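Contents: one structure, followed by commentary.
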Amino acid sequence: MSRQRTPDGPPPPPPVQKLRIRYARRGRLRFSSSRDFARAIERALRRAGVPMAFSAGFHPHPKISYAGAAPTGAASEAEYFEISVTERVDPERVRVALDESLPDGLNILEVVEARTGSLAERLQASEWEIAFPGTDPERVRAAVEQLLAVEAAPVTRVFKNGPKTFDAREPIVAAEVRVEEGPDSARYAILRVVVQHTTPVVRPDDILTALRSVADLESAVSPVVTRRAQGLLQTAPARVADPLAADKEAVGS
Amino acid sequence: MPGQSRFHELEPLLTRVSKPIQYVGGELNSTVKDWNIGGFGPGGEELTVRWALMYPDAYEVGVPNQGVMILYEVINERPDALAERTYAVWPDLEAELRAAGVPQLTVDAHRSVRDFDLFGISFSTELGYTNMLTALDLAGIPLHARDRTDGDPIVIIGGHASFNPEPVADFIDAAIVGDGEEAVLAVTDIVAEHKAEGSPGGREELLMRLAQTGGVYVPAFYDVDYLPDGRIKRVAPNRSGVPWRVAKHTVMDLDAWPYPKQPLVPLAESVHERMSVEIFRGCTRGCRFCQAGMITRPVRERSITGIGEMVERGLQATGFEEVGLLSLSSADHSEIATITKGLADRYEGTNTGLSLPSTRVDAFNIDLANELTRNGRRSGLTFAPEGGSERIRRVINKMVSEDDLIRTVAAAYGAGWRQVKLYFMCGLPTETDEDVLQIAELAKRVIDTGRQVSGRRDIRCTVSIGGFVPKPHTPFQWAAQLGADETDARLEKLREAIRSDRRYGSAIGFRYHDGKPGIIEGLLSRGDRRVGRVIEAVWRDGGRFDGWSEYFSYERWMSCAATALAEFGVDVDWYTTREREETEVLPWDHIDSGLDKEWLWQDWLDALDETEVEDCRWTPCFDCGVCPQMGTEIEIGPTGKTLLPLTVIRPDAQRYAPAES
């Protein structure tokens, strides 16, 4: 009486709609990892009762796909993922319900129905802001100029399968430094940088490593990093365009 | 200013430590209250009672702890009190905190632990003692209770390990034994009143008021005298008004305490990712090795409707996809079949799994198992026969026959399960190599049976075994623990017996814990006040996270113990592998667990005679002493009620329907 176990009952209902979602990771929740977020969003979807599509088999998983998460410790205003649902839904209602179900600091900013193309392919570049509290702003400005002046800035980072060395200079499409006044009325520099996504993706900590190796820039206080935007790379002037624009347009038409 | 958030000091350190999310708080259902939520009295007296609650292990282990979660919620429900949580920080953050001069903080509002009125620490296991010392030291609280001032919190412990608080007597101000939910509120009342009066007499008077209740143990109010041979002569109060024995707390009506109502949902990964509901407390099966079963008597069931409400509310509050029905032996609930069927019906089609973490072989049946896996994932089945031979199971009073076990696993393999896990202990009183080698025979019979009923070769059975540690307040509190080397030798023989038979190959897995950590656990479990010196020496030498094999150092514990205990003329063997006599004063005799010491001794003699004792839920009373002494009684169903189907848990399709359709 051999039996190959297969799940009883009918296959799970098929997905009928795909949603693309932008969210922010703010404040102390910048210390959450992409795995932490995945657990939080799965629970939030359950609490909110969103009619999720599940994979088949003994270990059904909700159909969620994540794209290019910011590193742990970085804040972000532009993180993206997609979900599939088994009943047609109003994206804005899902946005409100999901946002309420997530802890403060993980905020759902936009939900749009996927209409065209691949989201992952549109995430071509990121715009980052790196704040340097406790470091002389002119020192930061000079260091950034030095970095932009070099041909290549090799940096080494440890990956799962060992250390890898790659160039952190070439993917930098644009970089500028502005100076702001903090709450303690001390002046500090903010570096805004547009980085093209290459393999491996150059992250803000790689740029900090490059600033250290090229220009000896050391910061007494850990710099604070925020992703401002992620999406299509546009040049002249270099900027990052909304990756959901095409979907919004298609819905509107 | 006390009570200020120090997050701005912590934040820069977090970019340099692993898994920083565990230190930032803000979990779903967590609470931050105003530091002066209770206001002030006419003379400016503070009317707020503040608890810092600690589970002395890593966040990932501590955050799902039910005990801390319950206390956190019941205290925070009071308008005049607040509770925040703190956990053991990993050595990387400990070094950063020390370098930056940042103290032990709570995760909720990042307030300094030293700013609180009470620092409550819940010990499920003795292996958290060194982590308590780290937290005290980081907090800036003197390690020794006698060095503390009115500016320090009252350090108070609870949890199962507090049934023998003596090894940590020097480091704590007070201990509470038994159920915590009513007890912490009673303590909060006393502290509130003392503060409202302007804290007359400082911490000394406050501790006296707590001790006078008879339900709070203040070690400093007791002196311990020793005999020339090292045994305890007597433990006695050193001032009037302090009771000779301290009583445990027992919550009688679980339905009146449906906590946690709003379980914490951490962002960080934790060891139990599920919504847990305690379906009953206490156990009267009478397994002689089981401290939990002895000290939590009598049995008190939560009603089926109470369970249903907690599950429903908890799932809505958390979004967890698994419900754990907790207790010491969950299948023993008098209405377990109705409960599991009712819950499986309610959550049909929602991918919500049910689990019964502790299930006895003889209470298991396939109907139950099928209900458990109807909506969720079918994982392996786990049973704990504990002893390998029928003889040793009579000694420990775990009355599971080999035929019971075989019948159960046959049914499980027949119904499609492939994997069965079996838990055992090594080093039980009177045990010989032969008893342990029986485990190999049992495992082979399990595989033979499985192959026969399933018609497949790819079924598996895992044998998991660890060393037995005798615990206070059990019939085995007098027993000699098996030494580390002897334990390891016996485990090696078992491994050989399992591996040598090629017919079973990889069908039988073997997992074991070596005997060394068990000896240290044994030292801490049955230790007295002198063992505190060892704990402190180990901590000063760098001992941390003793429950983690990568941090635990047997050599460090043994060398510190040799030095610290030398002047008392005792050693680790004296505390662990020495059998005690009936007349010996045990370090925890003045802690009243409700069990009659004569009954425990009689049960110890019965164990040596291989005589079994039935479960008193279904048979006449055996006079363990708990019910009459505590004015309590066994509370079980059946209530005859069932769970009605719920429609509200269904995702409401209309809720998200597009406006235009």
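How things are named: the first chain in the structure tokens is A, the next is B, and so on; residues count from 1 in each chain; ligands count from 1 in the order shown.
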Residue contacts of stretch 25-35 of chain A (10 Å, only C-alpha atoms) excluding same-chain residues fewer than 5 positions away, as an MDAnalysis selection string: (chainID A and resid 40:41 66:79 103:108 224:227) or (chainID B and resid 7 11 14:15 19:27 267:269)
Surrounding residues of B:Glu46 excluding itself and chain neighbours under 3 positions, 12 Å, only C-alpha atoms, as a PyMOL selection string: chain B and resi 35-43+49-50+80-81+117+191-199
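The closest residue to chain B, picked from A:Gly134, A:Pro15, A:Gly182, A:Pro51 and counting only C-alpha atoms, is A:Pro51.
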Counting only C-alpha atoms, chain A residues within 8 Å of chain B, as a ChimeraX atom specification: /A:1-3,5,28-29,31-33,36-37,39-40,42-47,49-51,58-60,73,87-91,93-94,102-104,221-222
Would you write out those residues with N, CA and C atoms, as a compact mmCIF listing (two decimals), in the first residue's frame?
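Everything below was put into result.txt:
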# COMPACT_ATOMS: atom_id res chain seq x y z
N MET A 1 0.84 -1.20 0.00
CA MET A 1 0.00 0.00 0.00
C MET A 1 0.87 1.25 0.00
N SER A 2 1.69 1.25 -1.04
CA SER A 2 2.55 2.42 -1.21
C SER A 2 1.71 3.65 -1.52
N ARG A 3 2.09 4.75 -0.92
CA ARG A 3 1.35 5.97 -1.25
C ARG A 3 2.30 7.15 -1.43
N ARG A 5 2.46 10.83 -1.24
CA ARG A 5 1.56 11.84 -0.66
C ARG A 5 1.49 13.08 -1.54
N ARG A 28 14.05 53.89 13.33
CA ARG A 28 14.80 52.76 13.89
C ARG A 28 14.60 51.48 13.09
N LEU A 29 13.53 51.45 12.26
CA LEU A 29 13.32 50.23 11.48
C LEU A 29 14.27 50.13 10.30
N PHE A 31 17.06 49.41 10.78
CA PHE A 31 17.90 48.28 11.19
C PHE A 31 17.27 46.92 10.88
N SER A 32 16.10 46.92 10.26
CA SER A 32 15.51 45.64 9.88
C SER A 32 16.14 45.15 8.58
N SER A 33 16.25 43.83 8.45
CA SER A 33 16.85 43.25 7.25
C SER A 33 15.75 42.91 6.26
N ASP A 36 13.68 40.22 7.69
CA ASP A 36 12.75 40.74 8.70
C ASP A 36 11.51 41.31 8.01
N PHE A 37 11.77 42.07 6.92
CA PHE A 37 10.63 42.68 6.23
C PHE A 37 9.73 41.61 5.63
N ARG A 39 9.07 38.62 6.67
CA ARG A 39 8.19 38.05 7.71
C ARG A 39 7.09 39.04 8.09
N ALA A 40 7.49 40.32 8.22
CA ALA A 40 6.52 41.33 8.64
C ALA A 40 5.42 41.49 7.60
N GLU A 42 4.39 39.34 5.31
CA GLU A 42 3.51 38.17 5.21
C GLU A 42 2.45 38.20 6.31
N ARG A 43 2.87 38.59 7.51
CA ARG A 43 1.90 38.67 8.61
C ARG A 43 0.93 39.82 8.42
N ALA A 44 1.43 40.93 7.90
CA ALA A 44 0.56 42.08 7.68
C ALA A 44 -0.51 41.73 6.64
N LEU A 45 -0.12 40.99 5.61
CA LEU A 45 -1.09 40.58 4.58
C LEU A 45 -2.16 39.69 5.19
N ARG A 46 -1.77 38.83 6.13
CA ARG A 46 -2.76 37.97 6.79
C ARG A 46 -3.68 38.77 7.69
N ARG A 47 -3.07 39.67 8.47
CA ARG A 47 -3.92 40.49 9.35
C ARG A 47 -4.90 41.32 8.55
N GLY A 49 -6.10 40.59 5.75
CA GLY A 49 -7.05 39.77 5.00
C GLY A 49 -6.99 39.98 3.50
N VAL A 50 -5.84 40.36 2.97
CA VAL A 50 -5.69 40.52 1.52
C VAL A 50 -5.80 39.13 0.88
N PRO A 51 -6.62 38.98 -0.17
CA PRO A 51 -6.84 37.65 -0.78
C PRO A 51 -5.62 37.16 -1.56
N PHE A 58 2.79 21.04 -0.55
CA PHE A 58 2.64 20.85 0.89
C PHE A 58 3.05 22.06 1.69
N HIS A 59 3.86 22.92 1.09
CA HIS A 59 4.32 24.10 1.81
C HIS A 59 3.91 25.35 1.04
N PRO A 60 2.60 25.62 1.03
CA PRO A 60 2.15 26.76 0.24
C PRO A 60 2.73 28.08 0.75
N GLY A 73 20.37 48.68 7.99
CA GLY A 73 20.99 49.88 8.55
C GLY A 73 20.74 51.11 7.70
N GLU A 87 -8.44 37.62 -6.10
CA GLU A 87 -9.66 38.37 -6.45
C GLU A 87 -9.22 39.77 -6.83
N ARG A 88 -9.93 40.40 -7.75
CA ARG A 88 -9.53 41.76 -8.12
C ARG A 88 -9.75 42.69 -6.94
N VAL A 89 -8.78 43.54 -6.70
CA VAL A 89 -8.86 44.44 -5.55
C VAL A 89 -8.60 45.88 -5.98
N ASP A 90 -9.02 46.78 -5.11
CA ASP A 90 -8.74 48.20 -5.32
C ASP A 90 -7.38 48.50 -4.69
N PRO A 91 -6.37 48.85 -5.49
CA PRO A 91 -5.01 49.01 -4.95
C PRO A 91 -4.95 49.99 -3.78
N ARG A 93 -7.20 50.69 -1.52
CA ARG A 93 -7.72 50.08 -0.28
C ARG A 93 -6.69 49.13 0.32
N VAL A 94 -6.00 48.39 -0.54
CA VAL A 94 -4.95 47.49 -0.06
C VAL A 94 -3.84 48.31 0.58
N LEU A 102 1.18 47.28 9.39
CA LEU A 102 2.64 47.21 9.59
C LEU A 102 3.05 48.10 10.75
N PRO A 103 4.15 47.74 11.40
CA PRO A 103 4.62 48.62 12.49
C PRO A 103 5.04 49.98 11.96
N ASP A 104 4.98 50.96 12.84
CA ASP A 104 5.37 52.31 12.49
C ASP A 104 6.83 52.30 12.06
N VAL A 221 31.38 59.49 13.66
CA VAL A 221 30.03 58.97 13.87
C VAL A 221 29.62 58.24 12.59
N SER A 222 28.93 57.09 12.73
CA SER A 222 28.52 56.35 11.55
C SER A 222 27.62 57.23 10.66
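Excluding A:Ala175 itself and any same-chain residue fewer than 4 positions from it, the protein and nucleic acid residues within 10 Å of it, counting only C-alpha atoms, are Glu127, Trp128, Glu129, Val144, Glu145, Leu147, Leu148, Leu191, Arg192, Val193, Val194, Val195 and Ala238 of chain A.
The residue that comes closest to A:Ala114, out of A:Gly162, A:Ser213, A:Ser219, A:Leu19 and on the basis of only C-alpha atoms, is A:Leu19.
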Members of stretch 381-494 of chain B assigned alpha helix (DSSP H) by DSSP, as a VMD selection string: chain B and resid 390 to 395 402 to 414 433 to 454 484 to 494
Per-residue DSSP, stretch 78-200 of chain A, filtered to strand (DSSP E), as a VMD selection string: chain A and resid 78 to 85 106 to 113 125 to 132 154 to 159 162 to 167 172 to 181 187 to 196
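Note that atom CA of B:Ala58 and atom CA of B:Pro260 are 20.7 Å apart.
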Who sits within 10 Å of A:Thr198, only C-alpha atoms, same chain under 5 positions skipped, as number ranges by chain: A: 124-125, 168, 170-171
Within 6 Å of B:Pro475 using only C-alpha atoms, minus same-chain residues under 2 positions, as a count of residues only: 5
Shell of 12 Å around B:Thr474, only C-alpha atoms, local chain residues under 5 positions omitted, as an MDAnalysis selection string: chainID B and resid 163:164 286:297 396 469 479 525:526 586 588:589 593:604 607 624
Output the selection as an mmCIF file, in the first residue's frame - C-alpha atoms for each residue.
data_model
loop_
_atom_site.group_PDB
_atom_site.id
_atom_site.type_symbol
_atom_site.label_atom_id
_atom_site.label_comp_id
_atom_site.auth_asym_id
_atom_site.auth_seq_id
_atom_site.Cartn_x
_atom_site.Cartn_y
_atom_site.Cartn_z
ATOM 1 C CA PHE B 163 12.105 27.361 42.957
ATOM 2 C CA ASN B 164 15.726 27.081 44.091
ATOM 3 C CA GLY B 286 3.681 12.258 37.881
ATOM 4 C CA CYS B 287 6.800 11.733 35.777
ATOM 5 C CA ARG B 288 9.438 11.713 38.487
ATOM 6 C CA PHE B 289 12.165 13.513 36.547
ATOM 7 C CA CYS B 290 9.899 16.393 35.541
ATOM 8 C CA GLN B 291 10.261 19.489 37.668
ATOM 9 C CA ALA B 292 7.684 21.418 35.653
ATOM 10 C CA GLY B 293 5.077 18.738 36.293
ATOM 11 C CA MET B 294 5.750 18.721 40.018
ATOM 12 C CA ILE B 295 5.924 22.453 40.728
ATOM 13 C CA THR B 296 2.944 23.537 38.634
ATOM 14 C CA ARG B 297 0.329 21.290 40.251
ATOM 15 C CA ILE B 396 10.563 7.386 36.148
ATOM 16 C CA VAL B 469 19.668 16.497 35.490
ATOM 17 C CA ALA B 479 19.345 11.187 43.343
ATOM 18 C CA SER B 525 19.964 23.377 39.889
ATOM 19 C CA ARG B 526 20.743 21.779 43.228
ATOM 20 C CA LEU B 586 18.077 20.666 51.041
ATOM 21 C CA TRP B 588 15.349 24.810 48.747
ATOM 22 C CA ASP B 589 13.438 23.252 51.655
ATOM 23 C CA SER B 593 6.156 24.286 46.220
ATOM 24 C CA GLY B 594 3.107 22.764 47.881
ATOM 25 C CA LEU B 595 4.519 19.265 47.608
ATOM 26 C CA ASP B 596 4.837 17.342 50.833
ATOM 27 C CA LYS B 597 8.483 16.377 51.307
ATOM 28 C CA GLU B 598 7.449 13.027 52.830
ATOM 29 C CA TRP B 599 5.353 12.284 49.787
ATOM 30 C CA LEU B 600 8.293 13.108 47.531
ATOM 31 C CA TRP B 601 10.523 10.785 49.585
ATOM 32 C CA GLN B 602 7.936 8.002 49.386
ATOM 33 C CA ASP B 603 7.738 8.516 45.625
ATOM 34 C CA TRP B 604 11.563 8.300 45.459
ATOM 35 C CA ALA B 607 10.908 4.756 42.020
ATOM 36 C CA CYS B 624 1.160 14.897 47.185
#
